[in-house]
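Scroll down for the structure; my scribbles are underneath it.
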Amino acid sequence: MAGLIPEETIAKVRDNVNIVNVISQYVSLEKKGKDYVGLCPFHEEKTPSFTVNEGKQFFKCFGCGKGGNVFTFLMEKENLTFPESVQKVAEIAHIDVGEFTNKTPKYSNILIKINEEAADFYHRVLLSTNAGKRGLDYAHQRGLTEEIIDHFRIGYAPKRNNLLLTYLRGHDYQDQDLIASGLFVQAQSGELFDRFRDRLMFTLTNEGDYAVGFSGRRLSGDKTEAKYMNSPETKVFEKSNVLFHFAEAKKAARAEGHLVLYEGYMDVIAAYQAGVKSGIASMGTSLTEQQVYMLKRITKNIIINYDGDDPGVHAEERATKLFEKAGGFNLGVVVLPEKLDPDEYVKKYGVEKYRDEIKGALTPTDFYLKRLAKKYNLSNDREKLLYLDEAVREIAQLSNPVEQDLYLEKIARQQRVSLDSLKVNLIKYRRQFNAAQQHKGNQSMVSTERDAPPEIVADTSPANDPVQTRLLYLFIHSEHARDYLLENKFLFPDQNYQKLAELWLNFSETQEKPTVNSFLNFIPGQLQGIIVNAEMTDMPQDFSDRELSEQIHALQMRQVNDELHDLMNNLQDAKRKMDSDEIIAITQKILQLKRIQGQRGAYSGRKEKH
């Protein structure tokens with residue numbers, strides 16, 4: 001499976017990187033005992049079940065079942081081949097892997113290859129061609145330096161209809177793949193045209209920082225065309241699962257302590273120039289639940305800084321509700337004065353002032369109360385009472401009593417009313433809120449009971465068989481246990497376990513220093529979960545021949561019980577058919593198995609060890 005990569009290179013990369021450091025770029029991990037835990041990057045969950053064992057250098061999600069080593073993680077997360085994952089880990093860890101880097105393609109997915117080629121093409125056109133001068137002049141007008149243009153891989157799509165098409169065809173890409181990339185429009189005649197023309201191009205990357213699509217900013221004054229045009233959704237680009245600048249921002253989040261969510265690409269870029277490196281933006285659409293989950297995996301500290309105009313503030317309120325619905329976030333909200341967006345604010349007031357705005361982010365409740373106050377004429381007593389009533393209702397929904405006191409005191413002071421009178425209303429609304437929540441919970445229980453799916457039983461399939469897992473663990477880690485099982489001609493009942501035992505025998509005989517971690521790279525992906533499950537379980541190292549004997553006997557008895565179950569069903573069928581010969585034959589087999597059940601010994605062919 002290692003392909004062109006020498007085993008010593010794989011071992012060098014694996015032995016010089018900590019899986020915790022690599023996975024931390026995708027998941028916010030918290031130390032719990034000897035393990036690190038976080039939210040799974042492979043499926044959505046509310047309670048963390050994703051576990052990383054630093055000592056054994058394995059990960060395992062006990063929710064969806066995925067597991068493996070550092071290479072497996074990147075193969076799953078970034079859809080990489082094994083050689084590509086080795087290269088990626090080497091890049092993350094700044095490890096020199098010699099000539100391999102130059103000999104191996106950086107990515108295997110054809111659509112990512114095409115988008116990467118297009119990103120390089122647009123970038124070169126912008127910076128080094130006469131056709132790109134129009135785009136470069138616009139970029140300079142917007143205050144974009146060459147350093148920023150390079151960092152964000154900004155490019156320019158010229159006015160010509162088929163410049164990119166000609167370029168990619170010249171690199172031997174097939175039309176069916178070019179169509180699937182979303183970079184081209186196909187006429188009814190079947191002819192292809194470049195989708196993006198006369199636009200400043202922003203490269204959109206996935207979480208692994210590979211190009212998967214583009215957003216083009218219109219340069220012409222033709223307002224019949226969309227100001228921004230995104231790539232259509234493809235097999236590698238789903239807008240709801242992509243955030244602009246996310247691959248870079250999540251690294252900065254560890255240093256800055258938060259991620260900052262913006263509305264547009266230029267806002268992210270302006271913030272970056274202002275020293276805020278942790279900025280991200282959704283794809284020109286409303287924030288999605290999938291994007292919220294992506295952020296939750298990285299950090300609970302999120303600052304929302306949309307445009308300061310009315311639509312931006314409305315969008316900020318919607319986003320706040322979405323984060324609160326997901327739960328577990330420490331939210332901050334920035335509303336810039338004069339209805340400015342971040343790009344405009346930085347240009348007008350400078351970098352330092354903008355950083356102060358980020359530091360002074362409001363809590364969601366403060367943001368809501370300030371918004372609420374603007375709806376009323378607070379110099380009018382009738383409207384002030386309406387405001388106070390609505391404000392207390394909002395505060396009543398806070399679960400933290402300290403927060404409740406903080407905001408009650410604030411509005412009492414601002415509106416010059418008695419704190420005690422507000423507390424009376426708070427208690428009333430708190431009771432109403434609790435009653436509503438209880439009623440909602442009861443309704444949910446009734447609905448759940450009515451629509452309840454069949455009971456989900458714990459997975460006891462052979463793929464997660466604790467008895468076979470224990471024996472396989474000892475087979476791999478103990479030469480004595482391996483010899484014992486082989487001498488007794490023991491075969492694992494499940495073919496996957498048996499296959500792993502055979503693969504380990506071959507691997508251990510051909511490797512100078514065989515390890516479980518290196519073994520994982522040489523076995524089929526569908527079998528890796530069994531090994532990881534055995535390694536991530538706290539298996540006792542000590543064992544005896546008696547334990548081995550009892551485990552073998554347990555498997556034998558399980559097989560007997562299964563056969564008995566089938567025979568009893570067959571016996572019932574024979575009785576219904578009144579087939580006396582079949583009844584006698586089945587009964588004899590049942591009696592033979594019953595006698596075996598009564599024998600307490602272990603595997604009949606075993607040799608006792610003393």
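Scheme for the structure tokens: letters A, B, ... for chains in order shown; per-chain residue numbers from 1; ligand numbers from 1 in order shown.
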
- prompt: Could you pull out the strand (DSSP E or B) residues of region 282-427 of chain A from DSSP and send them as a list in words?
  reply: Asn301, Ile302, Ile303, Ile304, Asn330, Leu331, Gly332, Val333 and Leu362 of chain A

Could you please take those selected residues and save N, CA and C atoms as a PDB file, in the first residue's frame?
```pdb
ATOM      1  N   ASN A 301     -15.226  30.044  21.075  1.00  0.00           N
ATOM      2  CA  ASN A 301     -15.171  31.512  21.120  1.00  0.00           C
ATOM      3  C   ASN A 301     -15.335  32.082  19.713  1.00  0.00           C
ATOM      4  N   ILE A 302     -16.503  32.645  19.438  1.00  0.00           N
ATOM      5  CA  ILE A 302     -16.824  33.184  18.122  1.00  0.00           C
ATOM      6  C   ILE A 302     -17.235  34.649  18.261  1.00  0.00           C
ATOM      7  N   ILE A 303     -16.651  35.501  17.405  1.00  0.00           N
ATOM      8  CA  ILE A 303     -17.063  36.906  17.335  1.00  0.00           C
ATOM      9  C   ILE A 303     -17.705  37.127  15.970  1.00  0.00           C
ATOM     10  N   ILE A 304     -18.909  37.680  15.973  1.00  0.00           N
ATOM     11  CA  ILE A 304     -19.627  37.954  14.722  1.00  0.00           C
ATOM     12  C   ILE A 304     -19.476  39.432  14.403  1.00  0.00           C
ATOM     13  N   ASN A 330     -19.277  30.692  23.247  1.00  0.00           N
ATOM     14  CA  ASN A 330     -19.056  31.961  23.949  1.00  0.00           C
ATOM     15  C   ASN A 330     -19.033  33.036  22.868  1.00  0.00           C
ATOM     16  N   LEU A 331     -20.182  33.677  22.647  1.00  0.00           N
ATOM     17  CA  LEU A 331     -20.356  34.576  21.505  1.00  0.00           C
ATOM     18  C   LEU A 331     -20.035  36.021  21.841  1.00  0.00           C
ATOM     19  N   GLY A 332     -19.455  36.701  20.848  1.00  0.00           N
ATOM     20  CA  GLY A 332     -19.304  38.148  20.908  1.00  0.00           C
ATOM     21  C   GLY A 332     -19.866  38.737  19.634  1.00  0.00           C
ATOM     22  N   VAL A 333     -20.443  39.943  19.725  1.00  0.00           N
ATOM     23  CA  VAL A 333     -21.053  40.582  18.563  1.00  0.00           C
ATOM     24  C   VAL A 333     -20.493  41.991  18.422  1.00  0.00           C
ATOM     25  N   LEU A 362     -19.782  42.868  22.032  1.00  0.00           N
ATOM     26  CA  LEU A 362     -20.906  42.747  22.957  1.00  0.00           C
ATOM     27  C   LEU A 362     -21.281  41.291  23.175  1.00  0.00           C
TER      28      LEU A 362
END
```

message: From a backbone DSSP assignment, name each residue in region 272-327 of chain A labelled alpha helix (DSSP H), as number ranges by chain.
response: A: 272-273, 289-298, 310-326

field: Nearest candidate to Ser549 (chain A) (options A:Leu485, A:Thr587, A:Glu238, A:Arg142; using only C-alpha atoms)
entry: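 Checking each candidate against Ser549 (chain A), we get A:Leu485 as the closest.
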
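When only C-alpha atoms are used to compute distances to Asn533 (chain A), the closest of the residues A:Met294, A:Arg482, A:Lys589, A:Asp465 turns out to be A:Asp465.
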